>>> print(open('entry.cif').read())   # mmCIF, N, CA and C atoms
data_model
#
loop_
_atom_site.label_atom_id
_atom_site.label_comp_id
_atom_site.auth_asym_id
_atom_site.auth_seq_id
_atom_site.Cartn_x
_atom_site.Cartn_y
_atom_site.Cartn_z
N MET A 1 4.26 -1.59 18.68
CA MET A 1 4.47 -2.14 17.36
C MET A 1 3.55 -1.41 16.37
N LEU A 2 4.14 -0.92 15.31
CA LEU A 2 3.37 -0.25 14.26
C LEU A 2 2.84 -1.29 13.30
N THR A 3 1.53 -1.38 13.20
CA THR A 3 0.90 -2.32 12.27
C THR A 3 0.14 -1.54 11.20
N VAL A 4 -0.20 -2.24 10.13
CA VAL A 4 -0.98 -1.61 9.07
C VAL A 4 -2.30 -1.11 9.64
N ASP A 5 -2.94 -1.92 10.47
CA ASP A 5 -4.22 -1.53 11.05
C ASP A 5 -4.10 -0.32 11.96
N SER A 6 -3.07 -0.30 12.83
CA SER A 6 -2.94 0.84 13.75
C SER A 6 -2.64 2.13 13.01
N LEU A 7 -1.84 2.07 11.96
CA LEU A 7 -1.55 3.27 11.18
C LEU A 7 -2.79 3.72 10.41
N ALA A 8 -3.52 2.77 9.85
CA ALA A 8 -4.76 3.11 9.13
C ALA A 8 -5.77 3.77 10.07
N THR A 9 -5.89 3.22 11.25
CA THR A 9 -6.82 3.79 12.24
C THR A 9 -6.41 5.20 12.64
N GLU A 10 -5.12 5.36 12.91
CA GLU A 10 -4.61 6.68 13.32
C GLU A 10 -4.88 7.74 12.26
N LEU A 11 -4.73 7.38 10.99
CA LEU A 11 -4.89 8.34 9.90
C LEU A 11 -6.28 8.35 9.29
N GLY A 12 -7.16 7.48 9.75
CA GLY A 12 -8.52 7.42 9.22
C GLY A 12 -8.58 6.88 7.80
N LEU A 13 -7.69 5.95 7.47
CA LEU A 13 -7.66 5.36 6.14
C LEU A 13 -8.50 4.10 6.09
N LYS A 14 -9.14 3.88 4.96
CA LYS A 14 -10.00 2.72 4.76
C LYS A 14 -9.18 1.52 4.28
N LEU A 15 -9.41 0.37 4.89
CA LEU A 15 -8.82 -0.88 4.41
C LEU A 15 -9.73 -1.45 3.33
N ALA A 16 -9.23 -1.52 2.10
CA ALA A 16 -10.01 -2.03 0.97
C ALA A 16 -9.95 -3.55 0.91
N ALA A 17 -8.91 -4.15 1.51
CA ALA A 17 -8.72 -5.60 1.51
C ALA A 17 -7.76 -5.98 2.62
N GLY A 18 -7.82 -7.25 3.01
CA GLY A 18 -6.88 -7.77 4.00
C GLY A 18 -7.08 -7.25 5.40
N LYS A 19 -8.33 -7.03 5.79
CA LYS A 19 -8.61 -6.44 7.10
C LYS A 19 -8.06 -7.27 8.26
N LYS A 20 -8.27 -8.58 8.23
CA LYS A 20 -7.78 -9.44 9.32
C LYS A 20 -6.26 -9.46 9.37
N ALA A 21 -5.62 -9.53 8.23
CA ALA A 21 -4.16 -9.57 8.16
C ALA A 21 -3.54 -8.26 8.64
N ALA A 22 -4.24 -7.15 8.45
CA ALA A 22 -3.71 -5.84 8.80
C ALA A 22 -3.48 -5.67 10.29
N VAL A 23 -4.26 -6.39 11.10
CA VAL A 23 -4.16 -6.24 12.55
C VAL A 23 -2.77 -6.62 13.05
N GLY A 24 -2.22 -7.70 12.56
CA GLY A 24 -0.92 -8.13 13.04
C GLY A 24 0.24 -7.87 12.09
N ARG A 25 -0.02 -7.23 10.96
CA ARG A 25 1.04 -7.01 9.96
C ARG A 25 1.89 -5.83 10.36
N GLU A 26 3.10 -6.12 10.80
CA GLU A 26 4.01 -5.09 11.29
C GLU A 26 4.65 -4.31 10.13
N ILE A 27 4.72 -2.99 10.29
CA ILE A 27 5.37 -2.11 9.33
C ILE A 27 6.77 -1.80 9.85
N ARG A 28 7.77 -2.11 9.05
CA ARG A 28 9.15 -1.81 9.39
C ARG A 28 9.54 -0.42 8.88
N TRP A 29 8.99 -0.03 7.73
CA TRP A 29 9.27 1.27 7.13
C TRP A 29 8.20 1.56 6.08
N VAL A 30 8.20 2.80 5.58
CA VAL A 30 7.28 3.22 4.52
C VAL A 30 8.11 3.65 3.33
N HIS A 31 7.67 3.24 2.15
CA HIS A 31 8.40 3.55 0.92
C HIS A 31 7.40 3.96 -0.15
N ILE A 32 7.77 4.93 -0.97
CA ILE A 32 6.93 5.40 -2.07
C ILE A 32 7.57 4.99 -3.38
N SER A 33 6.75 4.43 -4.29
CA SER A 33 7.27 4.05 -5.60
C SER A 33 6.16 4.00 -6.63
N GLU A 34 6.50 4.42 -7.83
CA GLU A 34 5.60 4.28 -8.98
C GLU A 34 6.17 3.29 -10.00
N LEU A 35 7.21 2.56 -9.61
CA LEU A 35 7.79 1.57 -10.50
C LEU A 35 6.86 0.36 -10.64
N THR A 36 6.89 -0.28 -11.80
CA THR A 36 6.09 -1.49 -11.97
C THR A 36 6.67 -2.66 -11.18
N ASP A 37 7.96 -2.58 -10.85
CA ASP A 37 8.58 -3.58 -9.97
C ASP A 37 9.52 -2.87 -9.00
N PRO A 38 9.00 -2.48 -7.83
CA PRO A 38 9.85 -1.80 -6.85
C PRO A 38 10.65 -2.76 -5.97
N THR A 39 10.44 -4.06 -6.14
CA THR A 39 11.00 -5.03 -5.19
C THR A 39 12.53 -5.04 -5.09
N PRO A 40 13.28 -4.67 -6.14
CA PRO A 40 14.74 -4.64 -5.94
C PRO A 40 15.18 -3.62 -4.88
N TRP A 41 14.33 -2.67 -4.56
CA TRP A 41 14.67 -1.62 -3.60
C TRP A 41 13.93 -1.80 -2.27
N LEU A 42 13.34 -2.97 -2.07
CA LEU A 42 12.62 -3.27 -0.83
C LEU A 42 13.29 -4.45 -0.14
N SER A 43 13.13 -4.52 1.18
CA SER A 43 13.72 -5.65 1.91
C SER A 43 12.71 -6.40 2.75
N GLY A 44 11.44 -6.05 2.64
CA GLY A 44 10.38 -6.71 3.39
C GLY A 44 9.93 -5.87 4.57
N GLY A 45 8.65 -5.95 4.86
CA GLY A 45 8.09 -5.23 5.99
C GLY A 45 7.69 -3.79 5.70
N GLU A 46 7.82 -3.35 4.46
CA GLU A 46 7.46 -1.97 4.12
C GLU A 46 5.96 -1.84 3.86
N LEU A 47 5.44 -0.66 4.17
CA LEU A 47 4.14 -0.24 3.64
C LEU A 47 4.49 0.55 2.39
N LEU A 48 4.07 0.07 1.25
CA LEU A 48 4.38 0.71 -0.02
C LEU A 48 3.25 1.66 -0.40
N LEU A 49 3.62 2.87 -0.80
CA LEU A 49 2.64 3.88 -1.23
C LEU A 49 2.78 4.08 -2.73
N THR A 50 1.64 4.09 -3.44
CA THR A 50 1.65 4.31 -4.88
C THR A 50 0.34 4.94 -5.33
N THR A 51 0.38 5.63 -6.46
CA THR A 51 -0.85 6.12 -7.09
C THR A 51 -1.27 5.20 -8.22
N GLY A 52 -0.45 4.21 -8.53
CA GLY A 52 -0.80 3.25 -9.57
C GLY A 52 -0.78 3.82 -10.97
N ILE A 53 -0.01 4.86 -11.18
CA ILE A 53 0.01 5.54 -12.47
C ILE A 53 0.38 4.60 -13.62
N ARG A 54 1.19 3.58 -13.33
CA ARG A 54 1.61 2.62 -14.36
C ARG A 54 0.81 1.33 -14.32
N LEU A 55 -0.22 1.30 -13.50
CA LEU A 55 -1.01 0.08 -13.33
C LEU A 55 -2.41 0.28 -13.92
N GLN A 56 -2.48 0.28 -15.23
CA GLN A 56 -3.74 0.55 -15.91
C GLN A 56 -4.51 -0.73 -16.28
N GLU A 57 -3.80 -1.78 -16.60
CA GLU A 57 -4.44 -3.02 -17.06
C GLU A 57 -4.71 -3.96 -15.88
N PRO A 58 -5.87 -4.65 -15.90
CA PRO A 58 -6.22 -5.57 -14.81
C PRO A 58 -5.14 -6.62 -14.53
N GLN A 59 -4.55 -7.19 -15.56
CA GLN A 59 -3.52 -8.20 -15.34
C GLN A 59 -2.31 -7.60 -14.63
N ALA A 60 -1.91 -6.42 -15.02
CA ALA A 60 -0.78 -5.75 -14.37
C ALA A 60 -1.10 -5.45 -12.91
N GLN A 61 -2.33 -5.09 -12.62
CA GLN A 61 -2.75 -4.81 -11.25
C GLN A 61 -2.68 -6.06 -10.38
N ARG A 62 -3.16 -7.19 -10.90
CA ARG A 62 -3.09 -8.46 -10.16
C ARG A 62 -1.64 -8.87 -9.93
N GLU A 63 -0.84 -8.78 -10.98
CA GLU A 63 0.56 -9.19 -10.89
C GLU A 63 1.34 -8.32 -9.91
N TYR A 64 1.00 -7.05 -9.84
CA TYR A 64 1.66 -6.13 -8.91
C TYR A 64 1.42 -6.57 -7.47
N VAL A 65 0.18 -6.86 -7.15
CA VAL A 65 -0.15 -7.32 -5.79
C VAL A 65 0.58 -8.63 -5.50
N GLU A 66 0.55 -9.56 -6.43
CA GLU A 66 1.22 -10.85 -6.23
C GLU A 66 2.73 -10.66 -6.02
N LEU A 67 3.33 -9.74 -6.75
CA LEU A 67 4.75 -9.44 -6.61
C LEU A 67 5.07 -8.90 -5.22
N LEU A 68 4.24 -7.99 -4.74
CA LEU A 68 4.46 -7.41 -3.41
C LEU A 68 4.29 -8.45 -2.31
N VAL A 69 3.27 -9.29 -2.46
CA VAL A 69 3.04 -10.36 -1.48
C VAL A 69 4.25 -11.28 -1.42
N SER A 70 4.74 -11.69 -2.58
CA SER A 70 5.87 -12.64 -2.61
C SER A 70 7.17 -12.01 -2.11
N SER A 71 7.22 -10.69 -2.06
CA SER A 71 8.43 -9.99 -1.60
C SER A 71 8.38 -9.62 -0.12
N GLY A 72 7.30 -9.98 0.55
CA GLY A 72 7.21 -9.73 1.99
C GLY A 72 6.84 -8.31 2.38
N VAL A 73 6.25 -7.56 1.46
CA VAL A 73 5.79 -6.21 1.77
C VAL A 73 4.65 -6.29 2.80
N ALA A 74 4.63 -5.38 3.76
CA ALA A 74 3.62 -5.40 4.82
C ALA A 74 2.23 -5.06 4.30
N GLY A 75 2.16 -4.16 3.34
CA GLY A 75 0.88 -3.74 2.80
C GLY A 75 1.08 -2.70 1.72
N LEU A 76 -0.01 -2.37 1.07
CA LEU A 76 0.00 -1.39 -0.01
C LEU A 76 -1.02 -0.30 0.29
N ALA A 77 -0.57 0.95 0.20
CA ALA A 77 -1.46 2.10 0.34
C ALA A 77 -1.60 2.74 -1.03
N PHE A 78 -2.82 2.75 -1.56
CA PHE A 78 -3.07 3.17 -2.93
C PHE A 78 -3.75 4.54 -2.93
N GLY A 79 -3.07 5.53 -3.50
CA GLY A 79 -3.60 6.88 -3.58
C GLY A 79 -4.60 7.03 -4.71
N ILE A 80 -5.82 7.40 -4.37
CA ILE A 80 -6.85 7.58 -5.39
C ILE A 80 -7.00 9.07 -5.74
N GLY A 81 -7.62 9.32 -6.89
CA GLY A 81 -7.85 10.69 -7.31
C GLY A 81 -6.81 11.20 -8.29
N PHE A 82 -5.87 10.36 -8.66
CA PHE A 82 -4.87 10.71 -9.66
C PHE A 82 -5.26 10.02 -10.96
N ASP A 83 -4.74 8.85 -11.21
CA ASP A 83 -5.12 8.07 -12.39
C ASP A 83 -6.29 7.14 -12.14
N HIS A 84 -6.65 6.94 -10.88
CA HIS A 84 -7.73 6.02 -10.50
C HIS A 84 -8.68 6.71 -9.53
N ASP A 85 -9.98 6.59 -9.81
CA ASP A 85 -10.99 7.17 -8.92
C ASP A 85 -11.21 6.34 -7.67
N SER A 86 -10.83 5.07 -7.75
CA SER A 86 -10.93 4.17 -6.61
C SER A 86 -9.84 3.11 -6.76
N VAL A 87 -9.64 2.33 -5.72
CA VAL A 87 -8.66 1.25 -5.81
C VAL A 87 -9.20 0.26 -6.85
N PRO A 88 -8.40 -0.09 -7.85
CA PRO A 88 -8.88 -1.00 -8.90
C PRO A 88 -9.41 -2.32 -8.34
N ARG A 89 -10.53 -2.73 -8.86
CA ARG A 89 -11.22 -3.94 -8.41
C ARG A 89 -10.31 -5.18 -8.46
N GLU A 90 -9.50 -5.29 -9.51
CA GLU A 90 -8.61 -6.44 -9.63
C GLU A 90 -7.55 -6.47 -8.53
N MET A 91 -7.11 -5.30 -8.11
CA MET A 91 -6.15 -5.24 -7.01
C MET A 91 -6.82 -5.66 -5.70
N VAL A 92 -8.04 -5.22 -5.49
CA VAL A 92 -8.78 -5.58 -4.28
C VAL A 92 -8.98 -7.09 -4.24
N LYS A 93 -9.39 -7.67 -5.37
CA LYS A 93 -9.62 -9.11 -5.42
C LYS A 93 -8.33 -9.89 -5.16
N ALA A 94 -7.23 -9.46 -5.77
CA ALA A 94 -5.94 -10.14 -5.58
C ALA A 94 -5.46 -10.01 -4.14
N ALA A 95 -5.65 -8.85 -3.55
CA ALA A 95 -5.24 -8.63 -2.16
C ALA A 95 -6.08 -9.47 -1.21
N GLU A 96 -7.37 -9.54 -1.43
CA GLU A 96 -8.24 -10.37 -0.60
C GLU A 96 -7.84 -11.83 -0.69
N LYS A 97 -7.59 -12.29 -1.90
CA LYS A 97 -7.19 -13.69 -2.11
C LYS A 97 -5.90 -14.02 -1.34
N ALA A 98 -4.99 -13.07 -1.27
CA ALA A 98 -3.69 -13.29 -0.61
C ALA A 98 -3.68 -12.84 0.86
N SER A 99 -4.81 -12.37 1.38
CA SER A 99 -4.88 -11.80 2.73
C SER A 99 -3.81 -10.73 2.90
N PHE A 100 -3.76 -9.83 1.95
CA PHE A 100 -2.75 -8.77 1.89
C PHE A 100 -3.42 -7.42 2.17
N PRO A 101 -2.95 -6.68 3.17
CA PRO A 101 -3.56 -5.38 3.49
C PRO A 101 -3.40 -4.37 2.35
N LEU A 102 -4.53 -3.80 1.96
CA LEU A 102 -4.59 -2.81 0.89
C LEU A 102 -5.39 -1.63 1.39
N LEU A 103 -4.73 -0.49 1.51
CA LEU A 103 -5.38 0.73 2.01
C LEU A 103 -5.76 1.65 0.87
N GLU A 104 -6.87 2.33 1.04
CA GLU A 104 -7.28 3.38 0.10
C GLU A 104 -6.90 4.72 0.71
N VAL A 105 -6.09 5.47 -0.03
CA VAL A 105 -5.63 6.78 0.45
C VAL A 105 -6.34 7.86 -0.35
N PRO A 106 -7.23 8.64 0.28
CA PRO A 106 -7.94 9.68 -0.46
C PRO A 106 -6.98 10.77 -0.96
N TYR A 107 -7.37 11.41 -2.01
CA TYR A 107 -6.57 12.47 -2.64
C TYR A 107 -6.13 13.52 -1.62
N GLU A 108 -7.00 13.80 -0.66
CA GLU A 108 -6.74 14.85 0.33
C GLU A 108 -5.66 14.46 1.34
N THR A 109 -5.28 13.19 1.39
CA THR A 109 -4.25 12.74 2.33
C THR A 109 -2.93 12.62 1.59
N PRO A 110 -2.01 13.55 1.83
CA PRO A 110 -0.72 13.46 1.13
C PRO A 110 0.12 12.31 1.68
N PHE A 111 0.89 11.70 0.81
CA PHE A 111 1.75 10.59 1.23
C PHE A 111 2.70 11.00 2.35
N ILE A 112 3.12 12.25 2.37
CA ILE A 112 4.03 12.71 3.42
C ILE A 112 3.38 12.59 4.80
N ALA A 113 2.08 12.73 4.88
CA ALA A 113 1.39 12.58 6.17
C ALA A 113 1.49 11.14 6.67
N ILE A 114 1.45 10.19 5.75
CA ILE A 114 1.57 8.78 6.11
C ILE A 114 3.00 8.47 6.54
N THR A 115 3.96 8.95 5.77
CA THR A 115 5.36 8.67 6.11
C THR A 115 5.75 9.33 7.44
N GLU A 116 5.28 10.54 7.68
CA GLU A 116 5.60 11.22 8.94
C GLU A 116 4.97 10.51 10.13
N ALA A 117 3.72 10.11 10.00
CA ALA A 117 3.05 9.40 11.10
C ALA A 117 3.77 8.09 11.40
N ALA A 118 4.13 7.36 10.37
CA ALA A 118 4.84 6.09 10.58
C ALA A 118 6.21 6.33 11.19
N ALA A 119 6.95 7.30 10.68
CA ALA A 119 8.29 7.59 11.20
C ALA A 119 8.22 7.99 12.67
N ASN A 120 7.26 8.84 13.02
CA ASN A 120 7.10 9.25 14.42
C ASN A 120 6.83 8.07 15.33
N ARG A 121 5.95 7.18 14.89
CA ARG A 121 5.64 5.99 15.70
C ARG A 121 6.86 5.09 15.82
N LEU A 122 7.56 4.85 14.71
CA LEU A 122 8.72 3.96 14.72
C LEU A 122 9.84 4.51 15.60
N VAL A 123 10.09 5.81 15.52
CA VAL A 123 11.14 6.43 16.33
C VAL A 123 10.79 6.35 17.81
N ASN A 124 9.53 6.57 18.15
CA ASN A 124 9.11 6.56 19.54
C ASN A 124 9.03 5.17 20.15
N GLU A 125 9.02 4.15 19.32
CA GLU A 125 9.00 2.79 19.83
C GLU A 125 10.40 2.37 20.20
#
>>> encode(input="entry.cif", output="structure tokens")
Amino acid sequence: MLTVDSLATELGLKLAAGKKAAVGREIRWVHISELTDPTPWLSGGELLLTTGIRLQEPQAQREYVELLVSSGVAGLAFGIGFDHDSVPREMVKAAEKASFPLLEVPYETPFIAITEAAANRLVNE
């Protein structure tokens, strides 16, 4: 079973929030989106990857996490080094409050590496 924690461990990614939840949170698929509301194109169980380019305001950051949680997303992987030097504090707080796995993806780790690792694991299972 591919979980947020097992994928994070395999790729050496830091869990910024939701560490306990990540252990058992199963990933069904990986999806990349920069939309402020990607949920119409999700069906639950995804690890969502984003750089947060449209998530500049603290309220928008909190609401984004809440939206993903309510849609059954497995977790959020946030790419830093683009518009944000670190995972925004408001997102971390919202994710912790909801026990929602939130990964920090360093600039040096391309999203394709995450999608390939997840796809390989899912296919082999």
>>> select_by_dssp(input="entry.cif", residues="region 11-103 of chain A", states="helix (DSSP H, G or I)", output="VMD selection string")
chain A and resid 11 19 to 24 39 to 41 58 to 70 89 to 98
>>> residues_around(input="entry.cif", residues="Met91 (chain A)", least_positions_apart="3", cutoff="7 Å", atoms="all atoms listed in the file", output="number ranges by chain")
A: 58, 61-62, 65, 87-88, 94-96
>>> write_last_selection(input="entry.cif", atoms="N, CA and C atoms", output="short mmCIF file (atom, residue, chain, number, x, y, z; two decimals), keeping the file's coordinate frame")
data_model
loop_
_atom_site.label_atom_id
_atom_site.label_comp_id
_atom_site.auth_asym_id
_atom_site.auth_seq_id
_atom_site.Cartn_x
_atom_site.Cartn_y
_atom_site.Cartn_z
N PRO A 58 -5.87 -4.65 -15.90
CA PRO A 58 -6.22 -5.57 -14.81
C PRO A 58 -5.14 -6.62 -14.53
N GLN A 61 -2.33 -5.09 -12.62
CA GLN A 61 -2.75 -4.81 -11.25
C GLN A 61 -2.68 -6.06 -10.38
N ARG A 62 -3.16 -7.19 -10.90
CA ARG A 62 -3.09 -8.46 -10.16
C ARG A 62 -1.64 -8.87 -9.93
N VAL A 65 0.18 -6.86 -7.15
CA VAL A 65 -0.15 -7.32 -5.79
C VAL A 65 0.58 -8.63 -5.50
N VAL A 87 -9.64 2.33 -5.72
CA VAL A 87 -8.66 1.25 -5.81
C VAL A 87 -9.20 0.26 -6.85
N PRO A 88 -8.40 -0.09 -7.85
CA PRO A 88 -8.88 -1.00 -8.90
C PRO A 88 -9.41 -2.32 -8.34
N ALA A 94 -7.23 -9.46 -5.77
CA ALA A 94 -5.94 -10.14 -5.58
C ALA A 94 -5.46 -10.01 -4.14
N ALA A 95 -5.65 -8.85 -3.55
CA ALA A 95 -5.24 -8.63 -2.16
C ALA A 95 -6.08 -9.47 -1.21
N GLU A 96 -7.37 -9.54 -1.43
CA GLU A 96 -8.24 -10.37 -0.60
C GLU A 96 -7.84 -11.83 -0.69
#
>>> residues_around(input="entry.cif", residues="Ala21 (chain A)", least_positions_apart="2", cutoff="6.5 Å", atoms="only N, CA and C atoms", output="PyMOL selection string")
chain A and resi 18-19+23-25+99-101
>>> resolve_selection(input="entry.cif", expression="the PyMOL selection byres (((chain A and resi 28 and name CA) around 8) and name CA)", output="PyMOL selection string")
chain A and resi 2+26-27+29-30+44-47+122
>>> write_last_selection(input="entry.cif", atoms="N, CA and C atoms", output="compact mmCIF listing (two decimals), in the coordinates of the input")
# COMPACT_ATOMS: atom_id res chain seq x y z
N LEU A 2 4.14 -0.92 15.31
CA LEU A 2 3.37 -0.25 14.26
C LEU A 2 2.84 -1.29 13.30
N GLU A 26 3.10 -6.12 10.80
CA GLU A 26 4.01 -5.09 11.29
C GLU A 26 4.65 -4.31 10.13
N ILE A 27 4.72 -2.99 10.29
CA ILE A 27 5.37 -2.11 9.33
C ILE A 27 6.77 -1.80 9.85
N TRP A 29 8.99 -0.03 7.73
CA TRP A 29 9.27 1.27 7.13
C TRP A 29 8.20 1.56 6.08
N VAL A 30 8.20 2.80 5.58
CA VAL A 30 7.28 3.22 4.52
C VAL A 30 8.11 3.65 3.33
N GLY A 44 11.44 -6.05 2.64
CA GLY A 44 10.38 -6.71 3.39
C GLY A 44 9.93 -5.87 4.57
N GLY A 45 8.65 -5.95 4.86
CA GLY A 45 8.09 -5.23 5.99
C GLY A 45 7.69 -3.79 5.70
N GLU A 46 7.82 -3.35 4.46
CA GLU A 46 7.46 -1.97 4.12
C GLU A 46 5.96 -1.84 3.86
N LEU A 47 5.44 -0.66 4.17
CA LEU A 47 4.14 -0.24 3.64
C LEU A 47 4.49 0.55 2.39
N LEU A 122 7.56 4.85 14.71
CA LEU A 122 8.72 3.96 14.72
C LEU A 122 9.84 4.51 15.60
>>> resolve_selection(input="entry.cif", expression="the PyMOL selection byres (((chain A and resi 7 and name CA) around 10) and name CA)", output="ChimeraX atom specification")
/A:2-6,8-13,22-23,27,114,117-118,121
>>> select_by_dssp(input="entry.cif", residues="region 16-76 of chain A", states="strand (DSSP E or B)", output="list in words")
Ala16, Ala17, Glu26, Trp29, Val30, His31, Ile32, Glu46, Leu47, Leu48, Leu49, Thr50, Gly75 and Leu76 of chain A
>>> write_last_selection(input="entry.cif", atoms="N, CA and C atoms", output="short mmCIF file (atom, residue, chain, number, x, y, z; two decimals), in the frame of the given file")
data_model
loop_
_atom_site.label_atom_id
_atom_site.label_comp_id
_atom_site.auth_asym_id
_atom_site.auth_seq_id
_atom_site.Cartn_x
_atom_site.Cartn_y
_atom_site.Cartn_z
N ALA A 16 -9.23 -1.52 2.10
CA ALA A 16 -10.01 -2.03 0.97
C ALA A 16 -9.95 -3.55 0.91
N ALA A 17 -8.91 -4.15 1.51
CA ALA A 17 -8.72 -5.60 1.51
C ALA A 17 -7.76 -5.98 2.62
N GLU A 26 3.10 -6.12 10.80
CA GLU A 26 4.01 -5.09 11.29
C GLU A 26 4.65 -4.31 10.13
N TRP A 29 8.99 -0.03 7.73
CA TRP A 29 9.27 1.27 7.13
C TRP A 29 8.20 1.56 6.08
N VAL A 30 8.20 2.80 5.58
CA VAL A 30 7.28 3.22 4.52
C VAL A 30 8.11 3.65 3.33
N HIS A 31 7.67 3.24 2.15
CA HIS A 31 8.40 3.55 0.92
C HIS A 31 7.40 3.96 -0.15
N ILE A 32 7.77 4.93 -0.97
CA ILE A 32 6.93 5.40 -2.07
C ILE A 32 7.57 4.99 -3.38
N GLU A 46 7.82 -3.35 4.46
CA GLU A 46 7.46 -1.97 4.12
C GLU A 46 5.96 -1.84 3.86
N LEU A 47 5.44 -0.66 4.17
CA LEU A 47 4.14 -0.24 3.64
C LEU A 47 4.49 0.55 2.39
N LEU A 48 4.07 0.07 1.25
CA LEU A 48 4.38 0.71 -0.02
C LEU A 48 3.25 1.66 -0.40
N LEU A 49 3.62 2.87 -0.80
CA LEU A 49 2.64 3.88 -1.23
C LEU A 49 2.78 4.08 -2.73
N THR A 50 1.64 4.09 -3.44
CA THR A 50 1.65 4.31 -4.88
C THR A 50 0.34 4.94 -5.33
N GLY A 75 2.16 -4.16 3.34
CA GLY A 75 0.88 -3.74 2.80
C GLY A 75 1.08 -2.70 1.72
N LEU A 76 -0.01 -2.37 1.07
CA LEU A 76 0.00 -1.39 -0.01
C LEU A 76 -1.02 -0.30 0.29
#
>>> resolve_selection(input="entry.cif", expression="the PyMOL selection byres ((chain A and resi 82) around 8)", output="count of residues only")
12
>>> atom_distance(input="entry.cif", atom1="atom C of Pro38 (chain A)", atom2="atom N of Ala77 (chain A)")
13.3 Å
>>> axis_aligned_box(input="entry.cif", around="region 34-48 of chain A", padding_each_side="4 Å", output="JSON")
{"center_x": 9.2, "center_y": -1.1, "center_z": -3.0, "size_x": 19.9, "size_y": 19.1, "size_z": 26.0}
>>> atom_distance(input="entry.cif", atom1="atom N of Met1 (chain A)", atom2="atom C of Asn120 (chain A)")
10.5 Å
>>> atom_distance(input="entry.cif", atom1="atom C of Leu55 (chain A)", atom2="atom C of Lys93 (chain A)")
14.7 Å
>>> closest_residue(input="entry.cif", among="A:Ala17, A:Leu76, A:Val69, A:Thr36", to="Leu49 (chain A)", atoms="all atoms listed in the file")
A:Leu76
>>> closest_residue(input="entry.cif", among="A:Ile32, A:Ala60, A:Leu42, A:Glu90", to="Pro110 (chain A)", atoms="only C-alpha atoms")
A:Ile32
>>> decode(input="entry.cif", residues="region 50-54 of chain A", atoms="all heavy atoms", output="compact mmCIF listing (two decimals), in the first residue's frame")
# COMPACT_ATOMS: atom_id res chain seq x y z
N THR A 50 1.55 21.08 -5.71
CA THR A 50 1.36 22.47 -6.11
C THR A 50 2.56 23.30 -5.67
O THR A 50 3.25 22.94 -4.72
CB THR A 50 0.07 23.07 -5.52
OG1 THR A 50 -0.18 24.35 -6.10
CG2 THR A 50 0.15 23.23 -4.01
N THR A 51 2.78 24.41 -6.36
CA THR A 51 3.78 25.39 -5.92
C THR A 51 3.11 26.54 -5.18
O THR A 51 3.79 27.42 -4.68
CB THR A 51 4.59 25.97 -7.11
OG1 THR A 51 3.69 26.70 -7.96
CG2 THR A 51 5.31 24.89 -7.88
N GLY A 52 1.79 26.55 -5.16
CA GLY A 52 1.06 27.59 -4.43
C GLY A 52 1.14 28.96 -5.07
O GLY A 52 0.96 29.97 -4.39
N ILE A 53 1.37 29.00 -6.37
CA ILE A 53 1.55 30.27 -7.06
C ILE A 53 0.36 31.21 -6.88
O ILE A 53 0.51 32.42 -6.82
CB ILE A 53 1.87 30.04 -8.55
CG1 ILE A 53 2.40 31.30 -9.19
CG2 ILE A 53 0.65 29.51 -9.30
CD1 ILE A 53 3.05 31.06 -10.54
N ARG A 54 -0.84 30.65 -6.72
CA ARG A 54 -2.05 31.46 -6.55
C ARG A 54 -2.47 31.58 -5.09
O ARG A 54 -3.54 32.10 -4.80
CB ARG A 54 -3.19 30.88 -7.37
CG ARG A 54 -2.90 30.93 -8.84
CD ARG A 54 -4.04 30.41 -9.63
NE ARG A 54 -3.73 30.55 -11.05
CZ ARG A 54 -4.63 30.58 -11.99
NH1 ARG A 54 -5.91 30.49 -11.69
NH2 ARG A 54 -4.27 30.70 -13.23
